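One file, data.txt, carrying compact mmCIF, C-alpha atoms:
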# COMPACT_ATOMS: atom_id res chain seq x y z
CA MET A 134 0.00 0.00 0.00
CA GLU A 135 1.28 3.45 -0.90
CA ASN A 136 2.54 5.55 1.98
CA PRO A 137 0.22 8.57 2.57
CA SER A 138 3.24 10.87 2.53
CA GLN A 139 3.91 9.80 -1.05
CA GLN A 140 0.43 10.80 -2.23
CA HIS A 141 1.08 14.52 -1.92
CA GLY A 142 3.80 16.94 -2.90
CA LYS A 143 6.29 18.60 -0.61
CA LEU A 144 4.29 21.81 -0.41
CA TRP A 145 1.19 19.93 0.76
CA LEU A 146 3.23 18.10 3.41
CA TRP A 147 4.85 21.35 4.53
CA LEU A 148 1.47 23.00 4.97
CA ASP A 149 0.01 19.90 6.62
CA GLU A 150 2.62 20.05 9.37
CA ARG A 151 1.67 23.65 10.13
CA ILE A 152 -2.10 23.93 9.64
CA GLY A 153 -3.29 20.31 9.56
CA LEU A 154 -4.43 19.83 5.96
CA LYS A 155 -5.04 16.11 6.60
CA ASP A 156 -7.65 16.95 9.23
CA ILE A 157 -9.37 19.40 6.87
CA GLU A 158 -9.30 16.82 4.06
CA LYS A 159 -10.70 14.14 6.37
CA LEU A 160 -13.50 16.46 7.44
CA ALA A 161 -14.34 17.37 3.84
CA ARG A 162 -14.42 13.71 2.76
CA LYS A 163 -16.61 12.83 5.74
CA LYS A 164 -19.18 15.50 4.87
CA GLU A 165 -22.25 14.20 3.02
CA VAL A 166 -25.14 15.93 1.29
CA PRO A 167 -28.71 14.53 1.28
CA MET A 168 -30.03 13.44 -2.12
CA HIS A 169 -33.71 13.86 -2.94
CA ARG A 170 -36.00 15.61 -5.40
CA HIS A 171 -35.36 19.00 -3.76
CA SER A 172 -31.56 18.76 -3.72
CA VAL A 173 -31.19 21.36 -6.49
CA TRP A 174 -31.96 24.13 -3.98
CA TYR A 175 -28.80 23.30 -2.04
CA TYR A 176 -26.66 24.78 -4.81
CA PHE A 177 -27.93 28.33 -4.37
CA GLY A 178 -26.03 28.73 -1.11
CA GLY A 179 -22.72 28.02 -2.82
CA MET A 180 -23.80 30.16 -5.79
CA THR A 181 -24.39 33.12 -3.47
CA LEU A 182 -20.98 32.63 -1.88
CA PHE A 183 -19.30 32.45 -5.30
CA LEU A 184 -20.95 35.69 -6.46
CA PHE A 185 -19.96 37.35 -3.19
CA THR A 186 -16.36 36.37 -3.94
CA VAL A 187 -16.71 38.01 -7.36
CA GLN A 188 -18.04 41.12 -5.61
CA VAL A 189 -15.06 41.28 -3.27
CA THR A 190 -12.54 40.76 -6.08
CA THR A 191 -14.01 43.35 -8.45
CA GLY A 192 -14.67 45.75 -5.56
CA ILE A 193 -10.98 45.72 -4.62
CA LEU A 194 -10.05 46.50 -8.23
CA LEU A 195 -12.53 49.41 -8.32
CA LEU A 196 -11.08 50.81 -5.10
CA LEU A 197 -7.75 51.37 -6.86
CA TYR A 198 -9.30 54.21 -8.89
CA TYR A 199 -12.32 55.40 -6.92
CA ARG A 200 -12.17 58.71 -5.01
CA PRO A 201 -14.92 59.09 -2.36
CA SER A 202 -15.79 62.78 -2.55
CA ALA A 203 -18.64 64.69 -4.16
CA GLY A 204 -16.20 66.59 -6.34
CA GLU A 205 -14.27 63.58 -7.63
CA ALA A 206 -16.42 60.44 -7.33
CA PHE A 207 -18.24 60.79 -10.64
CA GLU A 208 -15.07 61.77 -12.52
CA SER A 209 -13.11 58.86 -11.04
CA VAL A 210 -15.75 56.36 -12.20
CA GLN A 211 -15.87 58.07 -15.59
CA PHE A 212 -12.09 57.80 -15.89
CA LEU A 213 -12.24 54.14 -14.88
CA MET A 214 -14.82 53.38 -17.57
CA THR A 215 -13.22 55.35 -20.41
CA GLU A 216 -9.48 55.36 -19.78
CA VAL A 217 -8.59 52.29 -17.74
CA GLN A 218 -8.19 49.13 -19.79
CA PHE A 219 -11.19 46.85 -19.16
CA GLY A 220 -12.32 49.24 -16.42
CA TRP A 221 -15.84 49.35 -17.86
CA LEU A 222 -15.96 45.55 -17.79
CA ILE A 223 -14.86 45.30 -14.16
CA ARG A 224 -17.48 47.84 -13.10
CA SER A 225 -20.17 46.04 -15.11
CA ILE A 226 -19.23 42.69 -13.58
CA HIS A 227 -19.37 44.27 -10.12
CA ALA A 228 -22.81 45.74 -10.79
CA TRP A 229 -24.30 42.60 -12.36
CA SER A 230 -22.79 40.21 -9.81
CA ALA A 231 -24.41 42.30 -7.04
CA ASN A 232 -27.81 41.80 -8.66
CA LEU A 233 -27.24 38.09 -9.31
CA MET A 234 -25.93 37.58 -5.77
CA ILE A 235 -29.03 39.12 -4.20
CA PHE A 236 -31.25 37.10 -6.55
CA ALA A 237 -29.45 33.87 -5.60
CA MET A 238 -29.74 34.81 -1.93
CA PHE A 239 -33.48 35.40 -2.27
CA VAL A 240 -33.87 31.98 -3.89
CA HIS A 241 -31.73 30.42 -1.15
CA LEU A 242 -33.74 32.15 1.58
CA PHE A 243 -37.19 31.24 0.26
CA SER A 244 -36.20 27.67 -0.62
CA ALA A 245 -34.98 27.23 2.96
CA LEU A 246 -38.26 28.72 4.17
CA LEU A 247 -40.44 26.48 2.00
CA LEU A 248 -38.42 23.36 2.84
CA LYS A 249 -38.35 24.23 6.55
CA ALA A 250 -34.57 24.11 6.75
CA TYR A 251 -34.74 26.22 9.93
CA ARG A 252 -36.05 23.42 12.16
CA PRO A 253 -34.07 22.41 15.28
CA PRO A 254 -31.14 22.40 15.68
CA ARG A 255 -30.69 24.87 12.79
CA GLU A 256 -32.35 27.96 14.27
CA LEU A 257 -29.05 29.85 14.50
CA THR A 258 -28.20 28.86 10.93
CA TRP A 259 -31.44 30.53 9.83
CA LEU A 260 -30.78 33.63 11.94
CA SER A 261 -27.26 34.05 10.58
CA GLY A 262 -28.58 33.58 7.03
CA GLY A 263 -31.20 36.26 7.66
CA GLY A 264 -28.44 38.55 8.91
CA LEU A 265 -26.48 37.97 5.71
CA MET A 266 -29.59 38.83 3.68
CA ALA A 267 -29.96 42.14 5.52
CA LEU A 268 -26.26 42.90 5.11
CA SER A 269 -26.45 42.19 1.38
CA LEU A 270 -29.31 44.66 1.00
CA ALA A 271 -27.27 47.19 2.99
CA PHE A 272 -24.36 46.61 0.59
CA GLY A 273 -26.68 47.32 -2.33
CA PHE A 274 -28.12 50.46 -0.76
CA THR A 275 -24.78 51.99 0.26
CA GLY A 276 -23.02 51.06 -2.98
CA TYR A 277 -25.75 52.57 -5.15
CA LEU A 278 -24.75 56.14 -4.23
CA LEU A 279 -21.01 55.77 -4.83
CA PRO A 280 -20.95 56.70 -8.57
CA TRP A 281 -22.57 60.02 -7.52
CA ASN A 282 -24.74 60.17 -10.61
CA GLU A 283 -28.15 61.73 -10.93
CA LEU A 284 -30.17 58.54 -10.54
CA ALA A 285 -28.22 57.33 -7.49
CA PHE A 286 -28.36 60.72 -5.77
CA PHE A 287 -32.13 61.20 -5.94
CA ALA A 288 -32.90 57.53 -5.28
CA THR A 289 -30.75 57.72 -2.14
CA ARG A 290 -32.54 60.91 -1.09
CA VAL A 291 -35.87 59.09 -1.38
CA GLY A 292 -34.54 55.99 0.37
CA THR A 293 -33.11 57.90 3.32
CA GLU A 294 -36.38 59.81 3.72
CA ILE A 295 -38.25 56.61 4.58
CA PRO A 296 -36.81 56.10 8.10
CA GLY A 297 -37.70 59.72 8.84
CA VAL A 298 -41.41 58.86 9.08
CA MET A 299 -40.78 56.78 12.19
CA PRO A 300 -41.80 58.51 15.42
CA VAL A 301 -39.27 59.54 18.08
CA PHE A 302 -36.08 58.22 16.44
CA GLY A 303 -36.99 58.70 12.77
CA SER A 304 -35.33 62.09 12.26
CA PHE A 305 -32.24 60.95 14.17
CA ILE A 306 -31.86 57.85 11.99
CA ARG A 307 -32.27 59.93 8.83
CA ARG A 308 -29.59 62.39 9.95
CA LEU A 309 -27.33 59.53 10.98
CA MET A 310 -27.63 57.94 7.55
CA ARG A 311 -27.13 61.20 5.66
CA GLY A 312 -24.55 62.80 7.89
CA GLY A 313 -26.73 65.92 7.94
CA ASP A 314 -30.14 67.19 6.93
CA ASP A 315 -29.79 66.31 3.24
CA VAL A 316 -27.83 64.01 0.94
CA THR A 317 -24.44 65.68 0.46
CA GLY A 318 -20.80 64.83 0.06
CA ALA A 319 -20.83 63.83 3.73
CA THR A 320 -23.43 61.17 2.88
CA LEU A 321 -21.21 59.86 0.09
CA THR A 322 -18.18 59.62 2.39
CA ARG A 323 -20.29 57.94 5.07
CA PHE A 324 -21.76 55.41 2.65
CA TYR A 325 -18.30 54.70 1.25
CA GLY A 326 -16.90 53.92 4.70
CA ILE A 327 -19.85 51.69 5.52
CA HIS A 328 -19.65 49.93 2.14
CA VAL A 329 -15.92 49.15 2.12
CA ALA A 330 -15.11 48.82 5.84
CA VAL A 331 -18.02 48.43 8.25
CA LEU A 332 -20.18 46.00 6.28
CA PRO A 333 -17.28 43.76 5.13
CA ALA A 334 -16.09 43.44 8.74
CA ILE A 335 -19.56 42.43 9.95
CA VAL A 336 -20.12 40.08 6.99
CA THR A 337 -16.83 38.31 7.69
CA VAL A 338 -18.01 37.42 11.20
CA VAL A 339 -21.59 36.49 10.28
CA LEU A 340 -20.55 34.53 7.18
CA GLY A 341 -17.95 32.62 9.19
CA LEU A 342 -20.62 31.73 11.77
CA HIS A 343 -23.08 30.69 9.05
CA LEU A 344 -20.57 28.42 7.30
CA PHE A 345 -19.53 26.90 10.62
CA LEU A 346 -23.15 26.11 11.51
CA VAL A 347 -23.83 24.62 8.06
CA GLN A 348 -20.73 22.45 8.51
CA LYS A 349 -21.71 21.44 12.04
CA HIS A 350 -25.35 20.56 11.40
CA GLY A 351 -25.17 19.66 7.70
CA MET A 352 -27.93 20.26 5.18
CA SER A 353 -31.44 19.46 6.33
CA ARG A 354 -33.92 17.16 4.67
CA PRO A 355 -37.39 18.56 3.98
CA PRO A 356 -40.19 17.01 6.06
CA SER A 357 -41.74 15.56 2.89
CA VAL A 358 -38.77 13.25 2.28
CA GLU A 359 -37.73 12.40 5.85
CA ASN A 360 -39.83 9.23 5.90
CA GLY A 361 -39.75 8.45 2.18
CA PRO A 362 -37.47 6.31 0.01
CA ASP A 363 -34.87 9.12 -0.20
CA ALA A 364 -34.60 9.50 3.57
CA LYS A 365 -31.09 8.04 3.76
CA ARG A 366 -29.69 8.73 0.30
CA VAL A 367 -26.55 10.84 0.46
CA MET A 368 -23.84 12.19 -1.83
CA PRO A 369 -20.23 12.77 -0.75
CA PHE A 370 -19.47 16.48 -0.59
CA LEU A 371 -15.96 15.90 -1.92
CA PRO A 372 -15.72 15.54 -4.87
CA ASN A 373 -19.31 14.82 -6.05
CA PHE A 374 -21.24 17.80 -4.67
CA LEU A 375 -18.32 20.20 -5.00
CA LEU A 376 -17.87 19.38 -8.70
CA ARG A 377 -21.56 20.06 -9.33
CA ASP A 378 -21.19 23.30 -7.40
CA VAL A 379 -18.25 24.31 -9.60
CA VAL A 380 -20.29 23.60 -12.75
CA GLY A 381 -22.97 25.95 -11.42
CA TRP A 382 -20.34 28.61 -10.69
CA LEU A 383 -19.00 28.35 -14.23
CA CYS A 384 -22.52 28.74 -15.64
CA ALA A 385 -23.04 31.80 -13.43
CA LEU A 386 -19.71 33.19 -14.64
CA ILE A 387 -20.79 32.76 -18.27
CA VAL A 388 -24.10 34.53 -17.60
CA LEU A 389 -22.30 37.25 -15.67
CA ALA A 390 -19.76 37.83 -18.45
CA ALA A 391 -22.49 37.96 -21.10
CA LEU A 392 -24.56 40.48 -19.13
CA ALA A 393 -21.52 42.65 -18.39
CA ALA A 394 -20.38 42.62 -22.04
CA TYR A 395 -23.74 43.13 -23.77
CA TYR A 396 -25.47 45.26 -21.11
CA PRO A 397 -22.66 47.26 -19.48
CA ALA A 398 -23.40 49.40 -16.45
CA GLU A 399 -24.20 52.98 -17.40
CA LEU A 400 -22.96 56.07 -15.60
CA GLY A 401 -25.48 58.74 -16.64
CA LYS A 402 -25.17 62.37 -15.56
CA LYS A 403 -23.33 63.73 -12.57
CA ALA A 404 -25.55 64.47 -9.57
CA ASP A 405 -26.61 68.09 -9.15
CA PRO A 406 -28.35 68.69 -5.80
CA PHE A 407 -29.82 71.98 -7.07
CA GLN A 408 -31.68 70.37 -9.96
CA PRO A 409 -35.19 68.90 -9.51
CA ALA A 410 -35.46 65.13 -9.32
CA PRO A 411 -36.01 63.48 -12.73
CA ILE A 412 -39.46 61.97 -13.30
CA GLY A 413 -39.72 58.25 -12.64
CA ILE A 414 -36.82 57.81 -10.19
CA LYS A 415 -36.80 54.16 -9.13
CA PRO A 416 -34.67 52.07 -6.77
CA GLU A 417 -32.98 48.79 -7.60
CA TRP A 418 -35.33 45.88 -8.29
CA TYR A 419 -34.86 44.29 -4.86
CA PHE A 420 -36.29 47.42 -3.20
CA MET A 421 -38.99 47.97 -5.81
CA ALA A 422 -41.82 46.11 -4.03
CA MET A 423 -41.38 48.20 -0.87
CA PHE A 424 -41.00 51.41 -2.89
CA GLN A 425 -44.16 50.73 -4.90
CA THR A 426 -46.10 49.78 -1.79
CA LEU A 427 -45.32 53.13 -0.19
CA LYS A 428 -46.37 54.92 -3.39
CA LEU A 429 -49.75 53.16 -3.53
CA LEU A 430 -50.69 53.54 0.13
CA PRO A 431 -53.29 56.21 0.94
CA SER A 432 -52.33 59.19 3.06
CA HIS A 433 -53.81 57.65 6.24
CA ILE A 434 -54.72 54.10 7.26
CA LEU A 435 -56.58 53.44 10.53
CA GLY A 436 -55.57 56.89 11.71
CA ILE A 437 -51.88 56.26 10.99
CA GLU A 438 -49.90 58.08 8.34
CA GLY A 439 -49.70 55.88 5.22
CA GLU A 440 -45.90 55.79 4.94
CA LEU A 441 -45.52 55.04 8.63
CA PHE A 442 -48.07 52.22 8.34
CA GLY A 443 -46.06 50.77 5.42
CA VAL A 444 -42.73 50.99 7.24
CA LEU A 445 -44.22 49.35 10.34
CA THR A 446 -45.66 46.57 8.17
CA PHE A 447 -42.26 45.95 6.55
CA GLY A 448 -40.78 45.73 10.04
CA ILE A 449 -43.40 43.20 11.16
CA VAL A 450 -42.78 41.06 8.06
CA GLY A 451 -39.04 41.15 8.78
CA VAL A 452 -39.58 40.13 12.40
CA VAL A 453 -41.83 37.23 11.33
CA LEU A 454 -39.15 36.04 8.91
CA VAL A 455 -36.43 36.24 11.55
CA LEU A 456 -38.53 34.44 14.17
CA MET A 457 -39.93 31.83 11.77
CA PRO A 458 -38.13 28.86 13.42
CA PHE A 459 -39.80 29.68 16.73
CA LEU A 460 -43.18 30.75 15.33
CA ASP A 461 -43.45 27.65 13.15
CA SER A 462 -42.76 25.29 16.02
CA ALA A 463 -45.36 27.15 18.11
CA VAL A 464 -48.16 27.07 15.52
CA ALA A 465 -47.29 23.86 13.61
CA ARG A 466 -50.44 22.09 14.68
CA GLY A 467 -53.59 21.32 12.75
CA ARG A 468 -54.42 23.81 10.06
CA TRP A 469 -51.44 25.99 11.06
CA ARG A 470 -48.88 23.38 10.03
CA HIS A 471 -48.53 25.09 6.63
CA PHE A 472 -48.04 28.54 8.12
CA ALA A 473 -44.45 28.96 6.86
CA ALA A 474 -45.24 27.79 3.33
CA ALA A 475 -48.32 30.02 3.09
CA PHE A 476 -46.37 33.01 4.42
CA ALA A 477 -43.56 32.41 1.88
CA VAL A 478 -45.93 32.00 -1.08
CA VAL A 479 -47.88 35.15 -0.21
CA LEU A 480 -44.69 37.15 0.28
CA ILE A 481 -43.17 35.93 -3.01
CA ALA A 482 -46.37 36.60 -4.96
CA TYR A 483 -46.82 40.04 -3.43
CA SER A 484 -43.19 41.00 -4.15
CA LEU A 485 -43.42 39.86 -7.77
CA VAL A 486 -46.69 41.71 -8.42
CA LEU A 487 -45.54 44.96 -6.79
CA THR A 488 -42.18 44.81 -8.55
CA TYR A 489 -43.95 44.34 -11.87
CA LEU A 490 -46.26 47.27 -11.15
CA GLY A 491 -43.28 49.38 -10.15
CA TYR A 492 -41.69 48.95 -13.57
CA THR A 493 -44.85 49.17 -15.67
CA MET A 494 -47.00 51.85 -14.04
CA ASN A 495 -46.54 55.38 -15.34
CA PRO A 496 -44.76 57.69 -12.90
CA THR A 497 -47.09 60.11 -11.17
CA LYS A 498 -44.46 62.56 -10.10

Once more with this new file: its structure as structure tokens, please.
Amino acid sequence: MENPSQQHGKLWLWLDERIGLKDIEKLARKKEVPMHRHSVWYYFGGMTLFLFTVQVTTGILLLLYYRPSAGEAFESVQFLMTEVQFGWLIRSIHAWSANLMIFAMFVHLFSALLLKAYRPPRELTWLSGGGLMALSLAFGFTGYLLPWNELAFFATRVGTEIPGVMPVFGSFIRRLMRGGDDVTGATLTRFYGIHVAVLPAIVTVVLGLHLFLVQKHGMSRPPSVENGPDAKRVMPFLPNFLLRDVVGWLCALIVLAALAAYYPAELGKKADPFQPAPIGIKPEWYFMAMFQTLKLLPSHILGIEGELFGVLTFGIVGVVLVLMPFLDSAVARGRWRHFAAAFAVVLIAYSLVLTYLGYTMNPTK
């Protein structure tokens, strides 16, 4: 039998002595993934992680040229897109990978919700995943302003107005986000710091916790297959599942490259705070349902200001999502046993309809 030391090169052996590669390899080979008719949804977690890696890589490249000030931000992005070799492509990949990452994360979140992947002992896995979802949306919101173009400026002004409708702390939160009473260069600098320093630091911790919990508890089986013929079917993570994951990443890379090449990110006009907002200002698609909801609400509902009612409702929906592992176990009896699935279906349908209306309805102001 071949000596294990002869199966690897000198570099591998050198690293093994210092960081224990054999233990990592043994753990990876021991890991197994359940196989059943819903297994395809497992790949969206790895897809989200891959697209996040693309975001980090392209974001670092963009930082080499970006200047975070109201007087230079737009010009620095313009220089990157017109003068730097392949600069336009890097920026387009960064923009499109952000959209694809959030889409993959939404699919991952709702598939976990529909398949009840949050059941004990995976409550903390669900909570850390929800935290990553919120952080990804914060990445999208803070990064949107950085080009300092007309669309980003006025969309950020609208977005930062929303917390201001909250009683007591609303105006404080709005000023905290803006760095003043209005969106200015201070807002840009603040968003830049949050986008490239604060959020990455928090994501590193939460992502590490999420991956650790996934490794510790493994991937859950949906209740519908726990007692069926696929209850004990498994696939080795290494190399079977990992190779399938890599194929998915390559497909995502092809789609990403095609979108970036044929539909490059546009820059538009430089922001001018003294000009009126253009008609039809809209946020990114993942905020569109909330934006359109606030537009359609009447001025008052049950004696509460319409916008405040909408913001409170969004907060309640978020709390229900976060607490779903505990709510589901509390109400999973009788007719309430499909509470999570019904909640997910209604939320998905509502988001799709309102997003569609947001892009098709004529602007009213």

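Ranking A:Gly361, A:Gly178, A:Pro416, A:Pro356 by their shortest atom-to-atom distance to Arg290 (chain A), with all atoms listed in the file included, puts A:Pro416 first.
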
Quote the spacing between CA of Ala410 (chain A) and CA of Val316 (chain A) in Å to one decimal place.
-> 12.8 Å

What is the distance, in Å and to one decimal place, between CA of Thr446 (chain A) and CA of Arg311 (chain A)?
-> 23.7 Å

Starting from 8 Å padding per side, set up an axis-aligned box that covers all listed atoms of region 446-450 of chain A and hand over centre and edge lengths in Å, one decimal, as lines of an AutoDock Vina configuration file.
center_x = -43.2
center_y = 43.8
center_z = 8.9
size_x = 20.9
size_y = 21.5
size_z = 20.6

Contacts of region 320-323 of chain A at 10 Å (all atoms listed in the file; same-chain gap of 3+ positions) as a PyMOL selection string = chain A and resi 200-203+206+275-276+278-281+286+289-290+308-317+326-328

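If only C-alpha atoms are the atoms counted, then among A:Leu182, A:Leu154, A:Leu376, A:Leu197 the closest residue to Val217 (chain A) is A:Leu197.
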
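Closest approach to Ile306 (chain A) among A:Thr293, A:Pro167, A:Phe447, A:Ile481 is made by A:Thr293 (distances from all atoms listed in the file).
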
Proximity of region 192-294 of chain A to region 335-346 of chain A: per-residue shortest pair, 9 Å limit, all atoms listed in the file, as a tab-separated table:
residue	atom	partner	partner_atom	distance
A:Arg255	CA	A:Leu346	CA	7.7
A:Leu257	CA	A:Leu346	CA	7.6
A:Thr258	CA	A:His343	CA	5.8
A:Trp259	CA	A:His343	CA	8.4
A:Leu260	CA	A:His343	CA	8.7
A:Ser261	CA	A:His343	CA	5.6
A:Gly262	CA	A:His343	CA	6.5
A:Gly264	CA	A:Val339	CA	7.3
A:Leu265	CA	A:Val336	CA	6.8
A:Leu268	CA	A:Val336	CA	7.0
A:Ser269	CA	A:Val336	CA	8.7

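The protein and nucleic acid residues lying at most 8 Å from Gly179 (chain A) are Tyr175, Phe183 and Asp378 of chain A, with only C-alpha atoms considered and sequence neighbours fewer than 4 positions away removed.
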
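With all atoms listed in the file as the basis for measurement, A:Leu441 is the residue among A:Leu222, A:Leu386, A:Leu441, A:Met457 that approaches Thr426 (chain A) most closely.
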